[in-house]
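**Student:** This is upload11.cif (mmCIF, C-alpha atoms and all ligand atoms).
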data_my_file
#
loop_
_atom_site.group_PDB
_atom_site.id
_atom_site.type_symbol
_atom_site.label_atom_id
_atom_site.label_comp_id
_atom_site.auth_asym_id
_atom_site.auth_seq_id
_atom_site.Cartn_x
_atom_site.Cartn_y
_atom_site.Cartn_z
ATOM 1 C CA ASP J 1 0.000 0.000 0.000
ATOM 2 C CA MET J 2 1.630 3.212 -1.206
ATOM 3 C CA SER J 3 -0.864 5.613 0.309
ATOM 4 C CA THR J 4 0.183 8.197 2.876
ATOM 5 C CA THR J 5 -1.927 9.883 5.484
ATOM 6 C CA LEU J 6 -1.533 13.621 5.753
ATOM 7 C CA ALA J 7 -3.066 15.213 8.847
ATOM 8 C CA LEU J 8 -4.240 18.805 8.605
ATOM 9 C CA VAL J 9 -3.560 20.683 11.834
ATOM 10 C CA GLY J 10 -3.895 24.324 12.820
ATOM 11 C CA ASN J 11 -5.489 26.992 14.977
ATOM 12 C CA PRO J 12 -9.210 27.700 14.635
ATOM 13 C CA ASN J 13 -9.752 30.241 11.809
ATOM 14 C CA SER J 14 -6.369 29.563 10.227
ATOM 15 C CA GLY J 15 -8.232 28.521 7.057
ATOM 16 C CA LYS J 16 -8.104 24.766 7.573
ATOM 17 C CA THR J 17 -11.598 24.136 6.200
ATOM 18 C CA THR J 18 -11.002 26.329 3.163
ATOM 19 C CA LEU J 19 -7.738 24.530 2.458
ATOM 20 C CA PHE J 20 -9.221 21.081 3.045
ATOM 21 C CA ASN J 21 -11.946 21.843 0.497
ATOM 22 C CA ALA J 22 -9.443 23.225 -2.010
ATOM 23 C CA LEU J 23 -7.247 20.123 -1.703
ATOM 24 C CA THR J 24 -9.959 17.463 -1.707
ATOM 25 C CA GLY J 25 -12.749 18.987 -3.795
ATOM 26 C CA SER J 26 -15.959 17.035 -3.417
ATOM 27 C CA ASN J 27 -13.987 13.927 -2.540
ATOM 28 C CA GLN J 28 -14.824 13.944 1.190
ATOM 29 C CA HIS J 29 -15.945 11.592 3.881
ATOM 30 C CA ILE J 30 -17.718 13.147 6.847
ATOM 31 C CA GLY J 31 -18.444 11.533 10.217
ATOM 32 C CA ASN J 32 -17.812 12.079 13.906
ATOM 33 C CA TRP J 33 -14.888 11.404 16.210
ATOM 34 C CA PRO J 34 -15.749 8.500 18.520
ATOM 35 C CA GLY J 35 -17.635 9.537 21.641
ATOM 36 C CA VAL J 36 -17.953 13.232 20.809
ATOM 37 C CA THR J 37 -20.035 15.343 18.459
ATOM 38 C CA ILE J 38 -17.018 16.862 16.785
ATOM 39 C CA GLU J 39 -17.079 16.493 13.030
ATOM 40 C CA ARG J 40 -14.457 14.230 11.469
ATOM 41 C CA LYS J 41 -13.603 14.869 7.840
ATOM 42 C CA SER J 42 -11.233 13.052 5.551
ATOM 43 C CA GLY J 43 -10.715 13.014 1.822
ATOM 44 C CA LYS J 44 -8.289 12.243 -0.935
ATOM 45 C CA LEU J 45 -6.027 14.845 -2.487
ATOM 46 C CA LYS J 46 -7.692 15.727 -5.794
ATOM 47 C CA GLN J 47 -4.472 15.543 -7.790
ATOM 48 C CA ASP J 48 -3.082 12.429 -6.119
ATOM 49 C CA HIS J 49 -5.417 9.825 -4.650
ATOM 50 C CA GLN J 50 -2.536 8.123 -2.851
ATOM 51 C CA ILE J 51 -2.618 10.978 -0.360
ATOM 52 C CA GLU J 52 -5.369 10.638 2.213
ATOM 53 C CA ILE J 53 -6.033 13.867 4.076
ATOM 54 C CA GLN J 54 -7.346 13.714 7.615
ATOM 55 C CA ASP J 55 -8.681 16.968 8.998
ATOM 56 C CA LEU J 56 -8.075 17.373 12.744
ATOM 57 C CA PRO J 57 -10.003 19.744 15.041
ATOM 58 C CA GLY J 58 -8.713 23.332 15.198
ATOM 59 C CA ILE J 59 -6.696 23.927 18.387
ATOM 60 C CA TYR J 60 -4.282 26.421 19.960
ATOM 61 C CA SER J 61 -2.258 23.937 21.973
ATOM 62 C CA LEU J 62 -1.659 20.214 22.484
ATOM 63 C CA SER J 63 -2.636 20.420 26.150
ATOM 64 C CA PRO J 64 -5.292 17.996 27.425
ATOM 65 C CA TYR J 65 -7.979 20.536 28.307
ATOM 66 C CA SER J 66 -10.546 20.343 25.508
ATOM 67 C CA SER J 67 -11.999 17.445 23.492
ATOM 68 C CA GLU J 68 -10.467 18.997 20.379
ATOM 69 C CA GLU J 69 -7.006 18.972 21.925
ATOM 70 C CA ILE J 70 -7.360 15.409 23.185
ATOM 71 C CA ILE J 71 -8.590 14.097 19.821
ATOM 72 C CA THR J 72 -5.683 15.751 18.054
ATOM 73 C CA ARG J 73 -2.960 14.659 20.408
ATOM 74 C CA ASN J 74 -4.197 11.064 20.634
ATOM 75 C CA TYR J 75 -4.331 10.898 16.862
ATOM 76 C CA LEU J 76 -0.774 12.203 16.587
ATOM 77 C CA LEU J 77 0.624 10.010 19.359
ATOM 78 C CA ASN J 78 -0.979 6.864 18.001
ATOM 79 C CA ASP J 79 1.169 7.449 14.967
ATOM 80 C CA GLN J 80 -1.655 7.508 12.443
ATOM 81 C CA ALA J 81 -0.244 10.406 10.447
ATOM 82 C CA ASP J 82 2.708 9.970 8.095
ATOM 83 C CA ARG J 83 3.106 13.715 7.807
ATOM 84 C CA LEU J 84 1.499 16.907 9.010
ATOM 85 C CA LEU J 85 0.323 19.951 7.144
ATOM 86 C CA ASP J 86 0.424 22.744 9.694
ATOM 87 C CA VAL J 87 -1.945 25.498 8.519
ATOM 88 C CA VAL J 88 -0.649 28.804 9.839
ATOM 89 C CA ASP J 89 -2.377 32.179 9.591
ATOM 90 C CA ALA J 90 0.395 34.465 8.340
ATOM 91 C CA THR J 91 -1.384 37.499 9.791
ATOM 92 C CA ASN J 92 -1.179 35.876 13.236
ATOM 93 C CA LEU J 93 2.186 34.178 12.943
ATOM 94 C CA GLU J 94 3.308 34.664 16.524
ATOM 95 C CA ARG J 95 0.221 33.070 18.058
ATOM 96 C CA ASN J 96 0.089 30.240 15.503
ATOM 97 C CA LEU J 97 3.730 29.271 16.099
ATOM 98 C CA TYR J 98 2.838 28.208 19.613
ATOM 99 C CA LEU J 99 1.075 25.167 18.178
ATOM 100 C CA THR J 100 3.742 24.634 15.510
ATOM 101 C CA LEU J 101 6.429 24.175 18.171
ATOM 102 C CA GLN J 102 4.333 21.534 19.899
ATOM 103 C CA LEU J 103 3.626 19.745 16.631
ATOM 104 C CA MET J 104 7.368 19.626 15.981
ATOM 105 C CA GLU J 105 7.827 17.886 19.318
ATOM 106 C CA THR J 106 5.777 14.904 18.117
ATOM 107 C CA GLY J 107 8.583 14.040 15.685
ATOM 108 C CA ILE J 108 6.168 13.676 12.740
ATOM 109 C CA PRO J 109 7.482 15.196 9.455
ATOM 110 C CA LEU J 110 5.804 18.543 8.943
ATOM 111 C CA VAL J 111 5.153 21.003 6.130
ATOM 112 C CA MET J 112 3.990 24.488 7.014
ATOM 113 C CA GLY J 113 1.273 25.997 4.832
ATOM 114 C CA LEU J 114 1.619 29.702 5.548
ATOM 115 C CA ASN J 115 -1.923 30.747 4.709
ATOM 116 C CA MET J 116 -3.688 34.119 4.237
ATOM 117 C CA MET J 117 -0.714 35.515 2.334
ATOM 118 C CA ASP J 118 -3.158 37.518 0.182
ATOM 119 C CA ARG J 119 -4.416 39.288 3.276
ATOM 120 C CA LEU J 120 -0.907 39.875 4.602
ATOM 121 C CA GLN J 121 0.075 41.445 1.282
ATOM 122 C CA LYS J 122 -3.059 43.563 1.159
ATOM 123 C CA GLU J 123 -2.484 44.857 4.681
ATOM 124 C CA GLY J 124 1.002 45.673 3.440
ATOM 125 C CA ASN J 125 2.658 46.560 6.739
ATOM 126 C CA ARG J 126 4.507 43.342 7.456
ATOM 127 C CA LYS J 127 6.928 41.109 5.610
ATOM 128 C CA ILE J 128 7.844 37.548 6.502
ATOM 129 C CA ASN J 129 11.166 36.203 5.289
ATOM 130 C CA LEU J 130 10.173 32.665 4.271
ATOM 131 C CA LYS J 131 13.733 31.440 3.727
ATOM 132 C CA LYS J 132 14.732 32.466 7.229
ATOM 133 C CA LEU J 133 11.566 30.973 8.682
ATOM 134 C CA GLU J 134 12.369 27.664 6.977
ATOM 135 C CA TYR J 135 15.925 27.862 8.168
ATOM 136 C CA ILE J 136 15.230 28.634 11.820
ATOM 137 C CA LEU J 137 12.447 26.036 12.111
ATOM 138 C CA GLY J 138 14.040 23.487 9.796
ATOM 139 C CA VAL J 139 10.710 22.670 8.110
ATOM 140 C CA PRO J 140 9.498 23.389 4.542
ATOM 141 C CA VAL J 141 7.321 26.508 4.388
ATOM 142 C CA VAL J 142 4.978 27.162 1.450
ATOM 143 C CA SER J 143 3.169 30.502 1.336
ATOM 144 C CA ILE J 144 -0.411 30.090 0.121
ATOM 145 C CA SER J 145 -3.842 31.590 -0.077
ATOM 146 C CA ALA J 146 -6.421 28.849 0.418
ATOM 147 C CA LEU J 147 -9.206 31.323 -0.360
ATOM 148 C CA LYS J 148 -7.757 32.445 -3.694
ATOM 149 C CA LYS J 149 -6.199 29.047 -4.389
ATOM 150 C CA GLN J 150 -2.762 30.628 -4.808
ATOM 151 C CA HIS J 151 0.420 28.506 -4.748
ATOM 152 C CA MET J 152 -1.564 25.265 -4.557
ATOM 153 C CA PRO J 153 0.777 23.508 -7.058
ATOM 154 C CA GLN J 154 3.799 24.449 -4.918
ATOM 155 C CA LEU J 155 2.066 23.135 -1.825
ATOM 156 C CA ILE J 156 1.020 19.881 -3.483
ATOM 157 C CA ASN J 157 4.554 19.434 -4.778
ATOM 158 C CA GLN J 158 5.878 19.666 -1.248
ATOM 159 C CA LEU J 159 3.192 17.307 0.096
ATOM 160 C CA GLU J 160 4.056 14.737 -2.571
ATOM 161 C CA ALA J 161 7.820 14.960 -1.978
ATOM 162 C CA THR J 162 8.994 11.439 -1.210
ATOM 163 C CA LYS J 163 11.041 12.648 1.692
ATOM 164 C CA ILE J 164 10.460 15.588 3.974
ATOM 165 C CA PRO J 165 13.676 16.636 5.708
ATOM 166 C CA GLU J 166 13.965 15.705 9.354
ATOM 167 C CA TYR J 167 13.982 18.741 11.578
ATOM 168 C CA SER J 168 15.736 19.281 14.833
ATOM 169 C CA TYR J 169 13.572 20.169 17.789
ATOM 170 C CA PRO J 170 13.173 23.768 18.883
ATOM 171 C CA GLU J 171 15.874 24.197 21.488
ATOM 172 C CA TYR J 172 14.925 25.910 24.720
ATOM 173 C CA ASP J 173 16.865 27.455 27.590
ATOM 174 C CA GLY J 174 19.858 25.356 28.690
ATOM 175 C CA ARG J 175 18.565 24.682 32.191
ATOM 176 C CA LEU J 176 15.247 23.420 30.829
ATOM 177 C CA GLU J 177 17.070 21.379 28.192
ATOM 178 C CA SER J 178 19.099 19.568 30.834
ATOM 179 C CA ALA J 179 15.923 18.695 32.759
ATOM 180 C CA ILE J 180 14.339 17.359 29.540
ATOM 181 C CA SER J 181 17.429 15.314 28.849
ATOM 182 C CA MET J 182 17.512 13.838 32.389
ATOM 183 C CA ILE J 183 13.846 12.873 32.138
ATOM 184 C CA SER J 184 14.481 11.396 28.684
ATOM 185 C CA ASP J 185 17.130 9.132 30.231
ATOM 186 C CA GLN J 186 14.514 7.768 32.655
ATOM 187 C CA ILE J 187 11.905 6.936 30.017
ATOM 188 C CA ARG J 188 14.001 5.997 26.970
ATOM 189 C CA GLU J 189 13.054 2.304 27.279
ATOM 190 C CA VAL J 190 9.292 2.796 27.489
ATOM 191 C CA VAL J 191 8.441 5.308 24.754
ATOM 192 C CA PRO J 192 8.920 5.279 20.956
ATOM 193 C CA ALA J 193 12.292 6.826 20.077
ATOM 194 C CA LYS J 194 10.896 9.607 17.908
ATOM 195 C CA GLN J 195 8.413 10.634 20.601
ATOM 196 C CA LEU J 196 11.005 10.712 23.390
ATOM 197 C CA ARG J 197 11.218 14.485 23.581
ATOM 198 C CA TRP J 198 7.444 14.907 23.505
ATOM 199 C CA TYR J 199 6.964 12.497 26.425
ATOM 200 C CA ALA J 200 9.850 14.033 28.384
ATOM 201 C CA ILE J 201 8.341 17.515 28.073
ATOM 202 C CA LYS J 202 4.869 16.256 29.006
ATOM 203 C CA LEU J 203 6.254 14.530 32.113
ATOM 204 C CA PHE J 204 8.142 17.706 33.000
ATOM 205 C CA GLU J 205 4.821 19.584 32.746
ATOM 206 C CA ARG J 206 3.291 16.954 35.076
ATOM 207 C CA ASP J 207 0.720 16.057 32.417
ATOM 208 C CA GLU J 208 -1.161 13.267 34.161
ATOM 209 C CA GLU J 209 -2.944 12.042 31.040
ATOM 210 C CA ILE J 210 0.473 11.187 29.678
ATOM 211 C CA SER J 211 2.233 9.935 32.803
ATOM 212 C CA GLY J 212 -0.767 7.645 33.362
ATOM 213 C CA THR J 213 -0.050 5.842 30.084
ATOM 214 C CA LEU J 214 3.564 4.979 31.018
ATOM 215 C CA THR J 215 4.669 2.171 33.312
ATOM 216 C CA LEU J 216 7.571 3.503 35.331
ATOM 217 C CA THR J 217 9.304 2.074 38.386
ATOM 218 C CA PRO J 218 8.913 3.999 41.673
ATOM 219 C CA GLU J 219 12.627 4.788 41.402
ATOM 220 C CA GLN J 220 12.168 6.336 37.955
ATOM 221 C CA GLU J 221 9.186 8.329 39.176
ATOM 222 C CA ARG J 222 11.241 9.673 42.096
ATOM 223 C CA GLU J 223 14.126 10.649 39.810
ATOM 224 C CA ILE J 224 11.765 12.480 37.463
ATOM 225 C CA GLU J 225 10.038 14.313 40.306
ATOM 226 C CA ALA J 226 13.429 15.302 41.753
ATOM 227 C CA THR J 227 14.495 16.718 38.380
ATOM 228 C CA ILE J 228 11.272 18.722 38.093
ATOM 229 C CA ASN J 229 11.593 20.016 41.656
ATOM 230 C CA THR J 230 15.176 21.138 41.217
ATOM 231 C CA THR J 231 14.352 22.905 37.966
ATOM 232 C CA GLU J 232 11.372 24.671 39.543
ATOM 233 C CA LYS J 233 13.656 25.964 42.305
ATOM 234 C CA ILE J 234 16.206 27.198 39.763
ATOM 235 C CA TYR J 235 13.552 29.120 37.837
ATOM 236 C CA ASP J 236 11.444 29.970 40.867
ATOM 237 C CA ASP J 237 8.424 28.973 38.768
ATOM 238 C CA VAL J 238 6.153 25.967 38.264
ATOM 239 C CA SER J 239 7.141 23.499 35.578
ATOM 240 C CA ASP J 240 4.310 23.972 33.088
ATOM 241 C CA SER J 241 4.835 27.715 33.136
ATOM 242 C CA ILE J 242 8.594 27.230 32.591
ATOM 243 C CA VAL J 243 7.748 25.389 29.362
ATOM 244 C CA VAL J 244 5.217 28.015 28.238
ATOM 245 C CA ASN J 245 7.818 30.764 28.760
ATOM 246 C CA ALA J 246 10.495 28.778 26.931
ATOM 247 C CA ARG J 247 8.180 28.417 23.935
ATOM 248 C CA TYR J 248 7.416 32.152 23.914
ATOM 249 C CA ASP J 249 11.143 32.947 24.113
ATOM 250 C CA PHE J 250 11.778 30.718 21.121
ATOM 251 C CA ILE J 251 8.914 32.333 19.202
ATOM 252 C CA ALA J 252 10.251 35.805 20.024
ATOM 253 C CA ARG J 253 13.585 34.800 18.458
ATOM 254 C CA VAL J 254 11.805 33.479 15.356
ATOM 255 C CA MET J 255 9.808 36.702 15.013
ATOM 256 C CA ASN J 256 12.921 38.857 15.458
ATOM 257 C CA MET J 257 14.724 36.960 12.781
ATOM 258 C CA CYS J 258 11.962 36.509 10.200
ATOM 259 C CA VAL J 259 9.476 39.357 10.431
ATOM 260 C CA ILE J 260 9.827 42.992 9.452
ATOM 261 C CA ASP J 261 7.077 45.484 10.219
ATOM 262 C CA ALA J 262 6.754 48.679 8.185
ATOM 263 C CA ASP J 263 6.691 50.596 11.463
ATOM 264 C CA ASP J 264 10.207 49.350 12.213
ATOM 265 C CA PHE J 265 11.448 51.049 9.058
ATOM 266 C CA ARG J 266 9.743 54.307 9.825
ATOM 267 C CA MET J 267 11.165 54.366 13.330
ATOM 268 C CA SER J 268 14.688 53.727 12.147
ATOM 269 C CA TRP J 269 14.506 56.617 9.629
ATOM 270 C CA SER J 270 12.807 59.206 11.786
HETATM 271 C C1 LIG J 301 -15.010 33.592 6.520
HETATM 272 N N1 LIG J 301 -7.101 34.326 2.576
HETATM 273 C C2 LIG J 301 -8.122 35.066 3.088
HETATM 274 N N2 LIG J 301 -8.132 36.375 2.841
HETATM 275 N N3 LIG J 301 -9.090 34.516 3.840
HETATM 276 C C3 LIG J 301 -9.030 33.180 4.073
HETATM 277 C C4 LIG J 301 -8.005 32.370 3.558
HETATM 278 C C5 LIG J 301 -6.975 32.995 2.769
HETATM 279 O O1 LIG J 301 -6.023 32.357 2.296
HETATM 280 N N4 LIG J 301 -8.237 31.096 3.984
HETATM 281 C C6 LIG J 301 -9.359 31.133 4.707
HETATM 282 N N5 LIG J 301 -9.856 32.387 4.758
HETATM 283 P P1 LIG J 301 -11.852 28.595 7.721
HETATM 284 P P2 LIG J 301 -10.847 27.085 9.974
HETATM 285 C C7 LIG J 301 -15.543 34.957 6.440
HETATM 286 O O2 LIG J 301 -15.667 32.607 6.636
HETATM 287 O O3 LIG J 301 -11.408 27.792 6.554
HETATM 288 C C8 LIG J 301 -11.045 32.870 5.467
HETATM 289 O O4 LIG J 301 -11.538 27.488 11.216
HETATM 290 C C9 LIG J 301 -16.877 35.163 6.538
HETATM 291 N N6 LIG J 301 -17.701 34.064 6.683
HETATM 292 O O5 LIG J 301 -12.927 32.374 4.089
HETATM 293 O O6 LIG J 301 -13.284 28.488 8.117
HETATM 294 C C10 LIG J 301 -12.244 31.997 5.234
HETATM 295 O O7 LIG J 301 -11.443 25.900 9.302
HETATM 296 C C11 LIG J 301 -17.339 36.466 6.463
HETATM 297 O O8 LIG J 301 -13.666 33.487 6.416
HETATM 298 O O9 LIG J 301 -10.916 28.348 8.982
HETATM 299 C C12 LIG J 301 -13.028 32.250 6.511
HETATM 300 O O10 LIG J 301 -9.369 26.920 10.204
HETATM 301 C C13 LIG J 301 -16.487 37.531 6.313
HETATM 302 O O11 LIG J 301 -10.778 32.789 6.848
HETATM 303 C C14 LIG J 301 -11.954 32.420 7.560
HETATM 304 C C15 LIG J 301 -15.144 37.280 6.244
HETATM 305 O O12 LIG J 301 -11.440 30.106 7.423
HETATM 306 C C16 LIG J 301 -11.676 31.140 8.347
HETATM 307 C C17 LIG J 301 -14.671 35.997 6.320
HETATM 308 C C18 LIG J 301 -19.114 34.173 6.740
#
Kindly transcribe the structure held in the file into structure tokens.
**Tutor:**
Amino acid sequence: DMSTTLALVGNPNSGKTTLFNALTGSNQHIGNWPGVTIERKSGKLKQDHQIEIQDLPGIYSLSPYSSEEIITRNYLLNDQADRLLDVVDATNLERNLYLTLQLMETGIPLVMGLNMMDRLQKEGNRKINLKKLEYILGVPVVSISALKKQHMPQLINQLEATKIPEYSYPEYDGRLESAISMISDQIREVVPAKQLRWYAIKLFERDEEISGTLTLTPEQEREIEATINTTEKIYDDVSDSIVVNARYDFIARVMNMCVIDADDFRMSWS
């Protein structure tokens, strides 16, 4: 079987539905996710029926707080997607990247569809350097307009590419990184290799949905808790908030490197 499953992921209002329709045409299957009344849509890529597209609920984060988030993260962790198409609203890049970073932690190959480029251009006060964005994230970025069906061939080309480059994970503050690496050492034997970082971060955040799925020895649990405790003392903060801040720091660096606002120009010339 040569078919690949492409999961469509993104924030609410990023244009996921518009893009799904543009990519699949009338070739759609609609149902519900088990146990909830959230619509489940899948379809085949119009131009290439070997690519099965699974739409996932729109979310801002992979935390376990809403049904939408739980559906999405279970789907991703159960390894049902061969690759991800991360639909990003270019006019809200900073906020959308928060999900992108978490998607990258799942280890699943990812293509970013930077959507709403028509609106960004029309607004005219901001430029995104796509090459730098690709470079700093290490993932392919295709700028598109799902509404106007612009750059669809380029996107499809990228989705059909036999190999999507492996990316390195977003690297956070050194003190957090050493905690993640110590936790990774405790769980290496019990989680899939490519999901090691994701599980380590979730354990660091004390995500009980996730820790409940792992069978650890009491010794391992103590070691992990000790690592979390020490790190919380170093930062004088609770662990989940340490991770949130680390993600925002990373995003701030991405924005500094890749985005130019017209106002910045004016200020520097006045
Ligand atoms: C309304 N460019 C522009 N300019 N708009 C886009 C693009 C794009 O590339 N892609 C999507 N939109 P969804 P989720 C609307 O519905 O696909 C627009 O939640 C309106 N509706 O048309 O639904 C899209 O599935 C009345 O806009 O997103 C939609 O991810 C006035 O972004 C919105 C203005 O797209 C969300 C817009 C009655």
**Student:** Give me, as a PDB file with C-alpha atoms, keeping the file's coordinate frame, the set of residues whose atoms come within 9 Å of any atom of ligand LIG 301 (chain J), counting all atoms listed in the file.
**Tutor:**
ATOM      1  CA  VAL J   9      -3.560  20.683  11.834  1.00  0.00           C
ATOM      2  CA  GLY J  10      -3.895  24.324  12.820  1.00  0.00           C
ATOM      3  CA  ASN J  11      -5.489  26.992  14.977  1.00  0.00           C
ATOM      4  CA  PRO J  12      -9.210  27.700  14.635  1.00  0.00           C
ATOM      5  CA  ASN J  13      -9.752  30.241  11.809  1.00  0.00           C
ATOM      6  CA  SER J  14      -6.369  29.563  10.227  1.00  0.00           C
ATOM      7  CA  GLY J  15      -8.232  28.521   7.057  1.00  0.00           C
ATOM      8  CA  LYS J  16      -8.104  24.766   7.573  1.00  0.00           C
ATOM      9  CA  THR J  17     -11.598  24.136   6.200  1.00  0.00           C
ATOM     10  CA  THR J  18     -11.002  26.329   3.163  1.00  0.00           C
ATOM     11  CA  LEU J  19      -7.738  24.530   2.458  1.00  0.00           C
ATOM     12  CA  PHE J  20      -9.221  21.081   3.045  1.00  0.00           C
ATOM     13  CA  ASN J  21     -11.946  21.843   0.497  1.00  0.00           C
ATOM     14  CA  PRO J  57     -10.003  19.744  15.041  1.00  0.00           C
ATOM     15  CA  GLY J  58      -8.713  23.332  15.198  1.00  0.00           C
ATOM     16  CA  VAL J  87      -1.945  25.498   8.519  1.00  0.00           C
ATOM     17  CA  VAL J  88      -0.649  28.804   9.839  1.00  0.00           C
ATOM     18  CA  ASP J  89      -2.377  32.179   9.591  1.00  0.00           C
ATOM     19  CA  LEU J 114       1.619  29.702   5.548  1.00  0.00           C
ATOM     20  CA  ASN J 115      -1.923  30.747   4.709  1.00  0.00           C
ATOM     21  CA  MET J 116      -3.688  34.119   4.237  1.00  0.00           C
ATOM     22  CA  MET J 117      -0.714  35.515   2.334  1.00  0.00           C
ATOM     23  CA  ASP J 118      -3.158  37.518   0.182  1.00  0.00           C
ATOM     24  CA  ARG J 119      -4.416  39.288   3.276  1.00  0.00           C
ATOM     25  CA  LEU J 120      -0.907  39.875   4.602  1.00  0.00           C
ATOM     26  CA  LYS J 122      -3.059  43.563   1.159  1.00  0.00           C
ATOM     27  CA  ILE J 144      -0.411  30.090   0.121  1.00  0.00           C
ATOM     28  CA  SER J 145      -3.842  31.590  -0.077  1.00  0.00           C
ATOM     29  CA  ALA J 146      -6.421  28.849   0.418  1.00  0.00           C
ATOM     30  CA  LEU J 147      -9.206  31.323  -0.360  1.00  0.00           C
ATOM     31  CA  LYS J 148      -7.757  32.445  -3.694  1.00  0.00           C
ATOM     32  CA  LYS J 149      -6.199  29.047  -4.389  1.00  0.00           C
ATOM     33  CA  GLN J 150      -2.762  30.628  -4.808  1.00  0.00           C
TER      34      GLN J 150
END
**Student:** Output the residue selection produced by the PyMOL selection byres (((chain J and resi 71-74) around 9) and not hetatm) on the file above, formatted as a list in words.
**Tutor:**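 Listing what the PyMOL selection byres (((chain J and resi 71-74) around 9) and not hetatm) selects in the shown file: Val9, Trp33, Leu56, Pro57, Gly58, Ile59, Leu62, Ser63, Pro64, Ser66, Ser67, Glu68, Glu69, Ile70, Tyr75, Leu76, Leu77, Asn78 and Asp79 of chain J.
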**Student:** Skip Thr100 in chain J itself and residues of its chain fewer than 6 positions away, then list as number ranges by chain all residues within 12 Å of it, counting only C-alpha atoms.
**Tutor:** J: 9-11, 59-62, 84-89, 93-94, 106-114, 137-139, 141, 169-170, 247-248, 250-251, 254
**Student:** To one decimal place, how far is CA of Val191 in chain J from CA of Thr231 in chain J in Å?
**Tutor:**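 Separating CA of Val191 in chain J from CA of Thr231 in chain J is a distance of 22.8 Å.
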**Student:** Using all atoms listed in the file, can you tell me which of J:Val244, J:Ala252, J:Ala90, J:Met104 comes closest to Lys127 in chain J?
**Tutor:**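 Using all atoms listed in the file, Lys127 in chain J sits closest to J:Ala90.
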**Student:** Rank J:Leu97, J:Val190, J:Ile183, J:Leu45 by their smallest atom-to-atom distance to Leu216 in chain J, using only C-alpha atoms, and report the top residue only.
**Tutor:**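 Smallest distance to Leu216 in chain J is found for J:Val190.
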**Student:** Quick one: distance from CA of Pro165 in chain J to CA of Leu101 in chain J in Å, one decimal?
**Tutor:**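 That distance, rounded to one decimal, is 16.3 Å.
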**Student:** Counting all atoms listed in the file, which of J:Ile164, J:Met2, J:Ala81, J:Ile228 gets nearest to Asp48 in chain J?
**Tutor:**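 Once distances to Asp48 in chain J are computed over all atoms listed in the file, the minimum belongs to J:Met2.
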**Student:** With the PyMOL selection byres (((chain J and resi 220) around 12) and not hetatm) as the selection, what would be picked from this file? Answer as a list in words, please.
**Tutor:**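 That expression, the PyMOL selection byres (((chain J and resi 220) around 12) and not hetatm), corresponds here to Met182, Ile183, Ser184, Asp185, Gln186, Ile187, Arg188, Glu189, Val190, Leu203, Ser211, Leu214, Thr215, Leu216, Thr217, Pro218, Glu219, Glu221, Arg222, Glu223, Ile224, Glu225, Ala226 and Thr227 of chain J.
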**Student:** Please compute the CA of Lys44 in chain J-CA of Gln28 in chain J distance, one decimal, in Å.
**Tutor:** 7.1 Å
**Student:** With all atoms listed in the file as the basis for distance, which of J:Ser143, J:Tyr199, J:Leu130, J:Asp55 is at the shortest distance from Thr213 in chain J?
**Tutor:** J:Tyr199
**Student:** I'd like to know which of J:Glu39, J:Glu160, J:Glu205, J:Glu134 is closest to Glu232 in chain J, using all atoms listed in the file.
**Tutor:**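 Using all atoms listed in the file, Glu232 in chain J sits closest to J:Glu205.
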**Student:** Give the answer as one residue: which of J:Glu52, J:Tyr172, J:Gln158, J:Trp198 has the shortest atom-to-atom distance to Ile210 in chain J, using all atoms listed in the file?
**Tutor:**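 Answer, going by the shortest atom-to-atom distance: J:Trp198.
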**Student:** Is it possible to get the axis-aligned box enclosing range 20-38 of chain J (all listed atoms, 4 Å extra per side) as AutoDock Vina command-line options, with centre and edge lengths in Å rounded to one decimal?
**Tutor:**
--center_x -13.6 --center_y 15.9 --center_z 8.9 --size_x 20.8 --size_y 22.7 --size_z 33.4
**Student:** Which residues fall under the PyMOL selection byres (((chain J and resi 129) around 9) and not hetatm) in this file, as an mmCIF file with C-alpha atoms, in the coordinates of the input?
**Tutor:**
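Everything below was put into part-v3.cif:
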data_model
loop_
_atom_site.group_PDB
_atom_site.id
_atom_site.type_symbol
_atom_site.label_atom_id
_atom_site.label_comp_id
_atom_site.auth_asym_id
_atom_site.auth_seq_id
_atom_site.Cartn_x
_atom_site.Cartn_y
_atom_site.Cartn_z
ATOM 1 C CA LYS J 127 6.928 41.109 5.610
ATOM 2 C CA ILE J 128 7.844 37.548 6.502
ATOM 3 C CA LEU J 130 10.173 32.665 4.271
ATOM 4 C CA LYS J 131 13.733 31.440 3.727
ATOM 5 C CA LYS J 132 14.732 32.466 7.229
ATOM 6 C CA LEU J 133 11.566 30.973 8.682
ATOM 7 C CA GLU J 134 12.369 27.664 6.977
ATOM 8 C CA MET J 257 14.724 36.960 12.781
ATOM 9 C CA CYS J 258 11.962 36.509 10.200
ATOM 10 C CA VAL J 259 9.476 39.357 10.431
ATOM 11 C CA ILE J 260 9.827 42.992 9.452
#
